[in-house]
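Undergrad: Provided herewith is a single structure, encoded as structure tokens, for subsequent inquiry.
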Amino acid sequence: MNTPASAHPVEVEQTIRLDAVIIGAGFSGMYQLLSLRDQLGMQVKVLEAGAGVGGTWYWNRYPGARCDSESHSYMFYFSKELVNEWAWTERYPQQPEILRYLNHVADRFNLRSDILLNTRMNSAHFDEATNRWHVYTEQGQHFVAPFLITAVGCLSSANLPQLPGLSDFKGQWYHTGQWPHEGVDFAGKRVGVVGTGSTGIQTIPVVAAQAQHLTVFQRTANYSIPARNALLSEEFKRFAKDHSEGIRHIMNTNTNGHSFRMVNRSVTATYPAEREAIMETAWIKGGLEFRAAFNDTLINPEANQLVADFIRKKIREIVLNPEVAELLSDIDHPFAAKRPPVDSQYFETFNRDNVSLVNLRATPIERITARGIRTAQAEYPLDILIFATGFDAMTGSLLKMDIQGRDGHLLKQVWRDGPLNYLGLQVPGFPNMFTITGPGSPSVLSNLPPAIEQHVNWITDCIRMLRDKGLQRIEASEQASDGWCEEVNKAASATLLAQVKHSWYWGANVPGKPQVFMPYAGGFARYTEICNQVVSDNYRGFELSA
Ligand code: NAP
């Protein structure tokens, strides 16, 4: 082992021995803490860099931030009491409400005493001789534990484009993923938003309603489906509670972890008038469920084209200025091959007098100036600049840390050509380290809370098994990991997701990142079955040792 203490730049003030260290106090870190502590009686600490719990929902406080999953599916289902006592107010929960929910979870299950806030993990090194992880924080603590579990989220490392001149800008600028807690006042301000992914599409209508003028800088036009957000009726709230077991069953046994099933119906096998009527109904209902109206949208290019054309037509109907409508509907990829946003009045916002659209495909950004953004054609004066430019997804947060496994294996090195892993749960060379919703798992292609529950339950059962059998160590084999990465590629290749290389699923949004399709696209239910089968086969693909 490379001496962990000397590798750490901060003076170690305190060494704490534990049974497990968890990194991150969002949905996954908190449920993992609860499971290990209350089911297995383990001594566990969660290290959380933020000043509060919530993970993604602690950091992403940008105007308009809300979840695209419907509220009754965006929650834990492991506790019937928790399900029954919590009541969401809207069809899609807003960020403050989700944060309140996660704080409620922390209080209800007495998690806070085992969560160390304002504590950033710096490095984690595995000591082969003792089968222990040595974890160091920026604050000078040293934790020693047999298990290290990363619960850092898939979309938590902000991606700020390296545009020349940003330091010259005299106004204020923000990344949506690191939004100031005190909020930002847009009144009377000229605001620019760079980025039209799910985040940009959520924030643009809200900022437009407050700013003097909003300029949207669009590089790639995007599909979006109306969310049709609304307050939940008492009747629906009652229904969701009364049918919580059924809802949970649907989420755990379908492809995407949501509370609706994909209709077993082909786009191309449906007559045009019927197809139009189905899409119209799905459009009016709104939300991510639009994708589930047919079963071949993401596998058959011809089917996808028909659905994409329907959405383009809708955009042209909504946006009154034909030139702007053309720019917004000139979309270069199949529908849902990049993560499809849902919106509240996104396209309608371009009908406002105080909103303009800049097509960066025709006139790319040359630099940021003291006054604003200069493209190849013009300078746009701005008081506030918002980067809704996404994340170094799935691997970014893990690779920011110094993680060293056995025999000096560095995670950065092992993942230099892509995130080698087995089931998205373990990396060969890193014994007793688990990655909740890591690359190679359905994670971002699924509704996340059920995906997190499945991972945490699997990890907890695995640690219980090790303890019951008197084993010290579990490590994914290289062969199993290679095989799994092939499986991940195969699953993506069966869909149109594999064809769209300029997406963050491929790591294409971060310069220098290996271009590898990261999440498992074979479906959440199938993935769960594979994980269960691996356990039935005596943890096939893992090396277990005493
Ligand atoms: P994103 O999907 O990666 O979108 C980033 C946007 O910024 C894209 O329009 C991109 O253009 C643009 N961009 C990046 N670098 C640029 C540059 N140098 N110049 C000009 N434009 C640039 O990021 P996101 O919108 O934050 O969403 C990330 C993911 O977070 C989503 O896909 C979703 O999974 C999750 N999310 C979820 C929710 C929710 O459920 N509530 C809300 C928001 C986000 P290109 O397309 O041309 O690269």
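Here, A, B, ... name the chains of the structure tokens in the order displayed, residue numbers run from 1 inside each chain, and ligands are numbered from 1 in the same displayed order.
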Can you list, as an MDAnalysis selection string, all residues belonging to segment 135-249 of chain A that DSSP tags as alpha helix (DSSP H)?

TA: chainID A and resid 198:208 234:242 244:249

Undergrad: For the residues in the current selection, export N, CA, C and O atoms as a compact mmCIF listing (two decimals), in the first residue's frame.

TA:
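Result went into part.txt, see below:
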```txt
# COMPACT_ATOMS: atom_id res chain seq x y z
N SER A 198 -32.09 19.96 -20.18
CA SER A 198 -33.22 19.92 -19.24
C SER A 198 -33.19 21.11 -18.29
O SER A 198 -34.23 21.69 -17.96
N THR A 199 -31.98 21.48 -17.85
CA THR A 199 -31.86 22.58 -16.89
C THR A 199 -32.21 23.91 -17.53
O THR A 199 -33.02 24.69 -17.01
N GLY A 200 -31.59 24.20 -18.68
CA GLY A 200 -31.86 25.46 -19.38
C GLY A 200 -33.35 25.58 -19.66
O GLY A 200 -33.96 26.64 -19.45
N ILE A 201 -33.94 24.50 -20.11
CA ILE A 201 -35.36 24.52 -20.49
C ILE A 201 -36.25 24.77 -19.27
O ILE A 201 -37.31 25.38 -19.38
N GLN A 202 -35.79 24.34 -18.09
CA GLN A 202 -36.57 24.64 -16.87
C GLN A 202 -36.39 26.10 -16.44
O GLN A 202 -37.33 26.74 -15.97
N THR A 203 -35.18 26.60 -16.56
CA THR A 203 -34.90 27.92 -15.96
C THR A 203 -35.30 29.07 -16.88
O THR A 203 -35.67 30.16 -16.39
N ILE A 204 -35.24 28.86 -18.21
CA ILE A 204 -35.48 29.96 -19.16
C ILE A 204 -36.85 30.64 -18.96
O ILE A 204 -36.90 31.87 -18.84
N PRO A 205 -37.96 29.90 -18.84
CA PRO A 205 -39.24 30.59 -18.66
C PRO A 205 -39.31 31.40 -17.36
O PRO A 205 -39.92 32.48 -17.33
N VAL A 206 -38.67 30.89 -16.31
CA VAL A 206 -38.75 31.57 -15.01
C VAL A 206 -37.90 32.84 -15.03
O VAL A 206 -38.33 33.90 -14.57
N VAL A 207 -36.71 32.75 -15.62
CA VAL A 207 -35.84 33.93 -15.70
C VAL A 207 -36.48 34.97 -16.63
O VAL A 207 -36.48 36.17 -16.32
N ALA A 208 -37.06 34.51 -17.73
CA ALA A 208 -37.68 35.44 -18.69
C ALA A 208 -38.78 36.27 -18.04
O ALA A 208 -38.97 37.44 -18.36
N GLU A 234 -56.56 16.36 -3.68
CA GLU A 234 -56.61 15.49 -2.48
C GLU A 234 -56.91 14.05 -2.89
O GLU A 234 -56.42 13.10 -2.32
N GLU A 235 -57.73 13.96 -3.93
CA GLU A 235 -58.11 12.63 -4.43
C GLU A 235 -56.89 11.86 -4.93
O GLU A 235 -56.71 10.68 -4.62
N PHE A 236 -56.02 12.55 -5.69
CA PHE A 236 -54.83 11.86 -6.20
C PHE A 236 -53.88 11.49 -5.06
O PHE A 236 -53.31 10.39 -5.03
N LYS A 237 -53.75 12.41 -4.10
CA LYS A 237 -52.85 12.13 -2.96
C LYS A 237 -53.32 10.86 -2.25
O LYS A 237 -52.52 10.02 -1.84
N ARG A 238 -54.63 10.77 -2.08
CA ARG A 238 -55.20 9.60 -1.40
C ARG A 238 -54.93 8.33 -2.23
O ARG A 238 -54.51 7.30 -1.72
N PHE A 239 -55.15 8.48 -3.55
CA PHE A 239 -54.96 7.35 -4.46
C PHE A 239 -53.51 6.85 -4.36
O PHE A 239 -53.26 5.63 -4.26
N ALA A 240 -52.56 7.78 -4.39
CA ALA A 240 -51.13 7.38 -4.39
C ALA A 240 -50.78 6.63 -3.10
O ALA A 240 -50.00 5.69 -3.12
N LYS A 241 -51.38 7.04 -2.00
CA LYS A 241 -51.10 6.36 -0.72
C LYS A 241 -51.80 4.99 -0.69
O LYS A 241 -51.20 3.98 -0.31
N ASP A 242 -53.06 4.99 -1.11
CA ASP A 242 -53.82 3.73 -1.06
C ASP A 242 -53.22 2.68 -1.98
O ASP A 242 -53.40 1.49 -1.75
N SER A 244 -49.93 2.51 -2.92
CA SER A 244 -48.46 2.63 -2.91
C SER A 244 -47.76 1.31 -3.25
O SER A 244 -46.75 1.31 -3.95
N GLU A 245 -48.33 0.21 -2.84
CA GLU A 245 -47.68 -1.09 -3.15
C GLU A 245 -47.72 -1.35 -4.65
O GLU A 245 -46.75 -1.83 -5.24
N GLY A 246 -48.86 -1.04 -5.26
CA GLY A 246 -49.00 -1.25 -6.71
C GLY A 246 -48.05 -0.32 -7.48
O GLY A 246 -47.41 -0.73 -8.46
N ILE A 247 -47.97 0.92 -7.03
CA ILE A 247 -47.09 1.89 -7.70
C ILE A 247 -45.64 1.42 -7.59
O ILE A 247 -44.88 1.42 -8.55
N ARG A 248 -45.29 0.97 -6.41
CA ARG A 248 -43.92 0.50 -6.18
C ARG A 248 -43.62 -0.70 -7.08
O ARG A 248 -42.53 -0.79 -7.67
N HIS A 249 -44.60 -1.57 -7.19
CA HIS A 249 -44.40 -2.76 -8.03
C HIS A 249 -44.15 -2.36 -9.48
O HIS A 249 -43.24 -2.88 -10.13
```

Undergrad: Show me which residues are within 8 Å of ligand 1 counting only C-alpha atoms and all ligand atoms, and format the list as a VMD selection string.

TA: chain A and resid 65 to 69 155 159 to 163 176 to 177 194 to 202 217 to 222 338 to 341 360 364 to 365 387 to 391 393 444 to 445 502 to 504 508 to 509

Undergrad: Counting only C-alpha atoms, what are the residues of segment 396-483 of chain A within 9 Å of segment 510-516 of chain A, and for each of them which pair of atoms is the nearest and at what distance in Å, to one decimal? Sort the table by chain and rising number, as CSV.

TA:
```
residue,atom,partner,partner_atom,distance
A:Trp415,CA,A:Pro514,CA,8.7
A:Arg416,CA,A:Pro514,CA,7.1
A:Asp417,CA,A:Pro514,CA,5.5
A:Gly418,CA,A:Pro514,CA,5.5
A:Pro419,CA,A:Val516,CA,8.0
```

Undergrad: Next, the residues of the selection above should be written as a compact mmCIF listing (two decimals), in the first residue's frame with C-alpha atoms.

TA:
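What landed in selection33.txt:
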```txt
# COMPACT_ATOMS: atom_id res chain seq x y z
CA TRP A 415 -10.82 4.68 -15.99
CA ARG A 416 -8.57 6.50 -18.44
CA ASP A 417 -10.31 4.80 -21.41
CA GLY A 418 -13.76 4.72 -19.79
CA PRO A 419 -15.42 3.62 -16.56
```

Undergrad: Closest to Leu214 of chain A among A:His125, A:Arg352, A:His243, A:Arg112, using only C-alpha atoms?

TA: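 Among the listed residues, A:Arg352 lies closest to Leu214 of chain A.
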
Undergrad: Which value, in Å to one decimal, gives the distance between atom CA of Gly52 of chain A and atom CA of Leu117 of chain A?

TA: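 Going from atom CA of Gly52 of chain A over to atom CA of Leu117 of chain A, I get 6.3 Å.
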
Undergrad: What lies within 9 Å of Phe517 of chain A using only C-alpha atoms, ignoring chain neighbours under 3 positions off, as a PyMOL selection string?

TA: chain A and resi 418+439-440+488-489+492+497-498+501+504-507+520

Undergrad: Let me see the file: selected residues, N, CA, C and O atoms, as a PDB file, in the first residue's frame.

TA:
```
ATOM      1  N   GLY A 418     -12.323   4.880 -20.048  1.00  0.00           N
ATOM      2  CA  GLY A 418     -13.762   4.715 -19.793  1.00  0.00           C
ATOM      3  C   GLY A 418     -13.958   4.000 -18.470  1.00  0.00           C
ATOM      4  O   GLY A 418     -13.036   3.363 -17.954  1.00  0.00           O
ATOM      5  N   PRO A 439     -21.519   4.415 -13.073  1.00  0.00           N
ATOM      6  CA  PRO A 439     -21.580   4.128 -14.496  1.00  0.00           C
ATOM      7  C   PRO A 439     -21.698   2.626 -14.687  1.00  0.00           C
ATOM      8  O   PRO A 439     -21.096   1.857 -13.944  1.00  0.00           O
ATOM      9  N   GLY A 440     -22.472   2.218 -15.686  1.00  0.00           N
ATOM     10  CA  GLY A 440     -22.692   0.780 -15.892  1.00  0.00           C
ATOM     11  C   GLY A 440     -23.982   0.300 -15.260  1.00  0.00           C
ATOM     12  O   GLY A 440     -24.371  -0.845 -15.449  1.00  0.00           O
ATOM     13  N   VAL A 488     -23.000  -3.518 -21.507  1.00  0.00           N
ATOM     14  CA  VAL A 488     -23.496  -2.128 -21.501  1.00  0.00           C
ATOM     15  C   VAL A 488     -23.484  -1.573 -22.930  1.00  0.00           C
ATOM     16  O   VAL A 488     -24.443  -0.929 -23.374  1.00  0.00           O
ATOM     17  N   ASN A 489     -22.403  -1.867 -23.661  1.00  0.00           N
ATOM     18  CA  ASN A 489     -22.328  -1.406 -25.059  1.00  0.00           C
ATOM     19  C   ASN A 489     -23.400  -2.057 -25.914  1.00  0.00           C
ATOM     20  O   ASN A 489     -24.026  -1.403 -26.752  1.00  0.00           O
ATOM     21  N   ALA A 492     -26.799  -0.522 -25.248  1.00  0.00           N
ATOM     22  CA  ALA A 492     -26.939   0.799 -25.885  1.00  0.00           C
ATOM     23  C   ALA A 492     -27.096   0.641 -27.386  1.00  0.00           C
ATOM     24  O   ALA A 492     -27.904   1.335 -28.018  1.00  0.00           O
ATOM     25  N   LEU A 497     -29.861   5.376 -28.783  1.00  0.00           N
ATOM     26  CA  LEU A 497     -28.968   6.121 -27.895  1.00  0.00           C
ATOM     27  C   LEU A 497     -27.522   6.012 -28.368  1.00  0.00           C
ATOM     28  O   LEU A 497     -26.722   6.929 -28.224  1.00  0.00           O
ATOM     29  N   ALA A 498     -27.200   4.837 -28.943  1.00  0.00           N
ATOM     30  CA  ALA A 498     -25.816   4.596 -29.345  1.00  0.00           C
ATOM     31  C   ALA A 498     -25.417   5.452 -30.539  1.00  0.00           C
ATOM     32  O   ALA A 498     -24.238   5.693 -30.773  1.00  0.00           O
ATOM     33  N   LYS A 501     -23.723  10.464 -30.640  1.00  0.00           N
ATOM     34  CA  LYS A 501     -22.466  10.490 -29.882  1.00  0.00           C
ATOM     35  C   LYS A 501     -22.257  11.828 -29.165  1.00  0.00           C
ATOM     36  O   LYS A 501     -21.448  11.913 -28.259  1.00  0.00           O
ATOM     37  N   TRP A 504     -24.174  13.721 -23.287  1.00  0.00           N
ATOM     38  CA  TRP A 504     -23.390  13.491 -22.074  1.00  0.00           C
ATOM     39  C   TRP A 504     -23.407  12.018 -21.664  1.00  0.00           C
ATOM     40  O   TRP A 504     -22.561  11.577 -20.903  1.00  0.00           O
ATOM     41  N   TYR A 505     -24.385  11.227 -22.196  1.00  0.00           N
ATOM     42  CA  TYR A 505     -24.347   9.787 -21.935  1.00  0.00           C
ATOM     43  C   TYR A 505     -23.013   9.202 -22.416  1.00  0.00           C
ATOM     44  O   TYR A 505     -22.521   8.219 -21.901  1.00  0.00           O
ATOM     45  N   TRP A 506     -22.455   9.831 -23.471  1.00  0.00           N
ATOM     46  CA  TRP A 506     -21.192   9.388 -24.064  1.00  0.00           C
ATOM     47  C   TRP A 506     -19.982  10.154 -23.513  1.00  0.00           C
ATOM     48  O   TRP A 506     -18.865   9.939 -23.979  1.00  0.00           O
ATOM     49  N   GLY A 507     -20.228  11.080 -22.633  1.00  0.00           N
ATOM     50  CA  GLY A 507     -19.118  11.902 -22.116  1.00  0.00           C
ATOM     51  C   GLY A 507     -18.671  12.965 -23.101  1.00  0.00           C
ATOM     52  O   GLY A 507     -17.613  13.569 -22.932  1.00  0.00           O
ATOM     53  N   TYR A 520     -26.354   1.848 -18.209  1.00  0.00           N
ATOM     54  CA  TYR A 520     -26.857   0.585 -18.764  1.00  0.00           C
ATOM     55  C   TYR A 520     -28.256   0.825 -19.335  1.00  0.00           C
ATOM     56  O   TYR A 520     -29.165   1.233 -18.598  1.00  0.00           O
TER      57      TYR A 520
END
```

Undergrad: Quick one: everything within 8 Å of Gln472 of chain A, counting only C-alpha atoms, minus sequence neighbours fewer than 4 positions away in the same chain. Send it as a ChimeraX atom specification.

TA: /A:131,146,466-467,544-546

Undergrad: Please dump the current selection as a short mmCIF file (atom, residue, chain, number, x, y, z; two decimals), in the first residue's frame; keep C-alpha atoms.

TA:
```cif
data_model
loop_
_atom_site.label_atom_id
_atom_site.label_comp_id
_atom_site.auth_asym_id
_atom_site.auth_seq_id
_atom_site.Cartn_x
_atom_site.Cartn_y
_atom_site.Cartn_z
CA ASN A 131 -8.32 -4.82 4.09
CA PRO A 146 -13.39 -2.00 5.65
CA LEU A 466 -19.72 -11.24 3.85
CA ARG A 467 -20.23 -10.81 7.57
CA LEU A 544 -14.59 -13.23 -2.28
CA SER A 545 -11.88 -13.85 0.28
CA ALA A 546 -11.35 -14.18 3.99
#
```

Undergrad: Do you have the atom CA of Leu357 of chain A-atom CA of Leu328 of chain A distance handy?

TA: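 Atom CA of Leu357 of chain A sits 8.9 Å away from atom CA of Leu328 of chain A.
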